[in-house]
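A.B. asks: A single structure is presented below for examination.
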Amino acid sequence: MYAQPCQWGLVPLRRLYHETKVAHTCATEQSEINALVSQGWRLEGSLGCIATSADCSATALYHLIYASSDLHMFTTSVTERDYMVTDGWTLKGITGYVWGVP
């Protein structure tokens, strides 16, 4: 993840919080952020900048949700992603692409 301001076609990864659910989630698309805010989520700010495609050896950032408790999880690990799906989590998709430590 890169610091802001976002450059080179990167987008901000925004963090949101829901006080009643005591939960956090993240989003990059403004339409999703607007929908979450309309459901009671509060925008906390940006965590940094991520890519929207797998350029320059970037790794997918997977978003999973445990619907019964509205828990959100993000991981770059395919093994962890697959395990969580078998454990009842739903893969929401790829939020963006990030880089590991050089």
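Every chain in the structure tokens takes a letter, A first, then B, and so on in the order presented; its residues are numbered from 1, and the ligands are numbered from 1 following the presented order.
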Considering only alpha helix (DSSP H) as DSSP defines it on the backbone, what residues of chain A qualify? List them as a short mmCIF file (atom, residue, chain, number, x, y, z; two decimals) with C-alpha atoms, in the first residue's frame.

C.D. replies:
data_model
loop_
_atom_site.label_atom_id
_atom_site.label_comp_id
_atom_site.auth_asym_id
_atom_site.auth_seq_id
_atom_site.Cartn_x
_atom_site.Cartn_y
_atom_site.Cartn_z
CA GLN A 30 -17.46 5.43 -4.22
CA SER A 31 -20.79 3.73 -5.01
CA GLU A 32 -20.07 1.01 -2.43
CA ILE A 33 -18.94 3.60 0.12
CA ASN A 34 -22.16 5.59 -0.43
CA ALA A 35 -24.26 2.44 -0.01
CA LEU A 36 -22.45 1.53 3.22
CA VAL A 37 -22.83 5.07 4.61
CA SER A 38 -26.58 4.91 3.85
CA VAL A 78 -5.12 -17.83 -1.21
CA THR A 79 -4.75 -20.59 1.40
CA GLU A 80 -6.43 -18.46 4.08
CA ARG A 81 -9.13 -17.35 1.62
CA ASP A 82 -9.95 -20.94 0.67
CA TYR A 83 -9.98 -22.12 4.29
CA MET A 84 -12.34 -19.32 5.31
CA VAL A 85 -14.74 -20.17 2.49
CA THR A 86 -14.87 -23.80 3.68
#

A.B. asks: DSSP on the backbone, then: every residue of region 14-98 of chain A marked strand (DSSP E), written as a PyMOL selection string.

C.D. replies: chain A and resi 14-18+23-27+42-50+59-66+71-75+90-98

A.B. asks: Include N, CA and C atoms and write out the residues we just selected as a CSV table (one decimal), in the first residue's frame.

C.D. replies:
chain,number,residue,atom,x,y,z
A,14,ARG,N,-10.5,3.0,1.5
A,14,ARG,CA,-11.2,3.7,2.6
A,14,ARG,C,-11.7,2.7,3.7
A,15,ARG,N,-11.5,3.1,4.9
A,15,ARG,CA,-12.0,2.3,6.0
A,15,ARG,C,-13.3,2.9,6.6
A,16,LEU,N,-14.2,2.0,6.9
A,16,LEU,CA,-15.5,2.4,7.4
A,16,LEU,C,-15.8,1.7,8.7
A,17,TYR,N,-16.6,2.2,9.6
A,17,TYR,CA,-16.9,1.6,10.9
A,17,TYR,C,-18.4,1.7,11.1
A,18,HIS,N,-19.0,0.6,11.7
A,18,HIS,CA,-20.4,0.6,12.1
A,18,HIS,C,-20.5,0.4,13.6
A,23,ALA,N,-18.0,-3.1,13.9
A,23,ALA,CA,-17.3,-3.7,12.8
A,23,ALA,C,-16.7,-2.7,11.9
A,24,HIS,N,-15.6,-3.1,11.3
A,24,HIS,CA,-14.9,-2.3,10.3
A,24,HIS,C,-15.0,-3.0,8.9
A,25,THR,N,-14.9,-2.3,7.9
A,25,THR,CA,-14.8,-2.8,6.5
A,25,THR,C,-14.0,-1.8,5.7
A,26,CYS,N,-13.6,-2.2,4.5
A,26,CYS,CA,-12.9,-1.3,3.6
A,26,CYS,C,-13.5,-1.3,2.2
A,27,ALA,N,-13.4,-0.3,1.5
A,27,ALA,CA,-13.9,-0.2,0.1
A,27,ALA,C,-13.1,0.8,-0.7
A,42,ARG,N,-19.8,4.6,9.0
A,42,ARG,CA,-19.2,5.9,9.1
A,42,ARG,C,-17.8,5.8,8.4
A,43,LEU,N,-17.6,6.7,7.5
A,43,LEU,CA,-16.3,6.8,6.8
A,43,LEU,C,-15.2,7.3,7.8
A,44,GLU,N,-14.2,6.5,8.0
A,44,GLU,CA,-13.1,6.9,9.0
A,44,GLU,C,-11.9,7.6,8.3
A,45,GLY,N,-11.7,7.3,7.0
A,45,GLY,CA,-10.6,7.8,6.3
A,45,GLY,C,-10.0,6.8,5.4
A,46,SER,N,-8.8,7.1,4.9
A,46,SER,CA,-8.1,6.3,3.9
A,46,SER,C,-6.9,5.6,4.6
A,47,LEU,N,-6.7,4.3,4.3
A,47,LEU,CA,-5.6,3.6,4.8
A,47,LEU,C,-4.4,3.7,4.0
A,48,GLY,N,-4.6,4.1,2.7
A,48,GLY,CA,-3.5,4.3,1.8
A,48,GLY,C,-4.0,4.0,0.4
A,49,CYS,N,-3.1,3.8,-0.6
A,49,CYS,CA,-3.5,3.6,-2.0
A,49,CYS,C,-3.2,2.2,-2.5
A,50,ILE,N,-4.1,1.6,-3.2
A,50,ILE,CA,-3.9,0.3,-3.8
A,50,ILE,C,-4.2,0.4,-5.3
A,59,THR,N,-0.4,-8.3,-5.6
A,59,THR,CA,-1.1,-9.5,-5.1
A,59,THR,C,-2.6,-9.1,-4.8
A,60,ALA,N,-3.5,-10.0,-5.1
A,60,ALA,CA,-4.9,-9.7,-4.9
A,60,ALA,C,-5.2,-9.5,-3.4
A,61,LEU,N,-6.0,-8.6,-3.0
A,61,LEU,CA,-6.5,-8.4,-1.7
A,61,LEU,C,-8.0,-8.9,-1.7
A,62,TYR,N,-8.2,-10.1,-1.1
A,62,TYR,CA,-9.5,-10.7,-1.1
A,62,TYR,C,-10.3,-10.2,0.1
A,63,HIS,N,-11.6,-10.0,-0.2
A,63,HIS,CA,-12.6,-9.5,0.8
A,63,HIS,C,-13.6,-10.6,1.1
A,64,LEU,N,-13.7,-11.0,2.3
A,64,LEU,CA,-14.6,-12.1,2.7
A,64,LEU,C,-15.5,-11.5,3.8
A,65,ILE,N,-16.7,-12.1,3.8
A,65,ILE,CA,-17.7,-11.6,4.8
A,65,ILE,C,-18.4,-12.8,5.5
A,66,TYR,N,-18.6,-12.7,6.8
A,66,TYR,CA,-19.3,-13.7,7.5
A,66,TYR,C,-20.7,-13.1,7.8
A,71,LEU,N,-19.2,-9.7,9.9
A,71,LEU,CA,-17.7,-9.6,10.0
A,71,LEU,C,-17.1,-9.5,8.6
A,72,HIS,N,-16.1,-8.7,8.5
A,72,HIS,CA,-15.4,-8.5,7.2
A,72,HIS,C,-13.9,-8.9,7.5
A,73,MET,N,-13.3,-9.6,6.5
A,73,MET,CA,-12.0,-10.0,6.6
A,73,MET,C,-11.3,-9.7,5.3
A,74,PHE,N,-10.0,-9.3,5.3
A,74,PHE,CA,-9.3,-9.1,4.1
A,74,PHE,C,-8.0,-9.9,4.2
A,75,THR,N,-7.6,-10.5,3.1
A,75,THR,CA,-6.4,-11.3,3.1
A,75,THR,C,-5.8,-11.3,1.7
A,90,THR,N,-18.1,-16.0,3.1
A,90,THR,CA,-18.4,-15.8,1.7
A,90,THR,C,-17.4,-14.9,1.0
A,91,LEU,N,-16.8,-15.3,-0.1
A,91,LEU,CA,-15.9,-14.4,-0.8
A,91,LEU,C,-16.6,-13.4,-1.5
A,92,LYS,N,-16.4,-12.1,-1.1
A,92,LYS,CA,-17.1,-11.0,-1.7
A,92,LYS,C,-16.4,-10.6,-3.0
A,93,GLY,N,-15.1,-10.8,-3.1
A,93,GLY,CA,-14.4,-10.5,-4.3
A,93,GLY,C,-13.0,-10.0,-4.0
A,94,ILE,N,-12.4,-9.3,-5.0
A,94,ILE,CA,-11.1,-8.7,-4.9
A,94,ILE,C,-11.3,-7.2,-4.7
A,95,THR,N,-10.8,-6.7,-3.6
A,95,THR,CA,-11.0,-5.3,-3.3
A,95,THR,C,-10.0,-4.4,-4.2
A,96,GLY,N,-8.8,-5.0,-4.4
A,96,GLY,CA,-7.8,-4.4,-5.2
A,96,GLY,C,-6.5,-5.2,-5.1
A,97,TYR,N,-5.4,-4.6,-5.4
A,97,TYR,CA,-4.1,-5.3,-5.5
A,97,TYR,C,-3.1,-4.5,-4.7
A,98,VAL,N,-2.3,-5.3,-3.9
A,98,VAL,CA,-1.3,-4.7,-3.0
A,98,VAL,C,0.1,-5.3,-3.3

A.B. asks: Using only C-alpha atoms, can you tell me which of A:Trp89, A:Thr28, A:Thr52, A:Met1 comes closest to Asp70 (chain A)?

C.D. replies: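 So, comparing all the options, the nearest one is A:Trp89.
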
A.B. asks: For the atom pair CA of Thr76 (chain A) and CA of Ala58 (chain A), what is the interatomic distance in Å to one decimal place?

C.D. replies: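 Atom-to-atom, CA of Thr76 (chain A) and CA of Ala58 (chain A) are spaced 10.1 Å apart.
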
A.B. asks: Looking at A:Leu13, A:Ala3, A:Cys56, A:Val22, which one is nearest to Trp99 (chain A), with distances taken over only C-alpha atoms?

C.D. replies: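 Using only C-alpha atoms, Trp99 (chain A) sits closest to A:Cys56.
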
A.B. asks: Nearest to Trp41 (chain A) among A:Pro5, A:Glu19, A:Glu29, A:Ser77, with distances taken over only C-alpha atoms: which residue is it?

C.D. replies: A:Glu19

A.B. asks: Which residue, A:Gln4, A:Gly88, A:Leu10, A:Thr20, has the smallest gap to Asp55 (chain A) when you use only C-alpha atoms?

C.D. replies: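 Closest to Asp55 (chain A) of all the choices is A:Leu10.
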
A.B. asks: Rank nothing, just name the residue among A:Gly9, A:Gly100, A:Ser57, A:Gln39 nearest to Lys21 (chain A), using only C-alpha atoms.

C.D. replies: A:Gln39
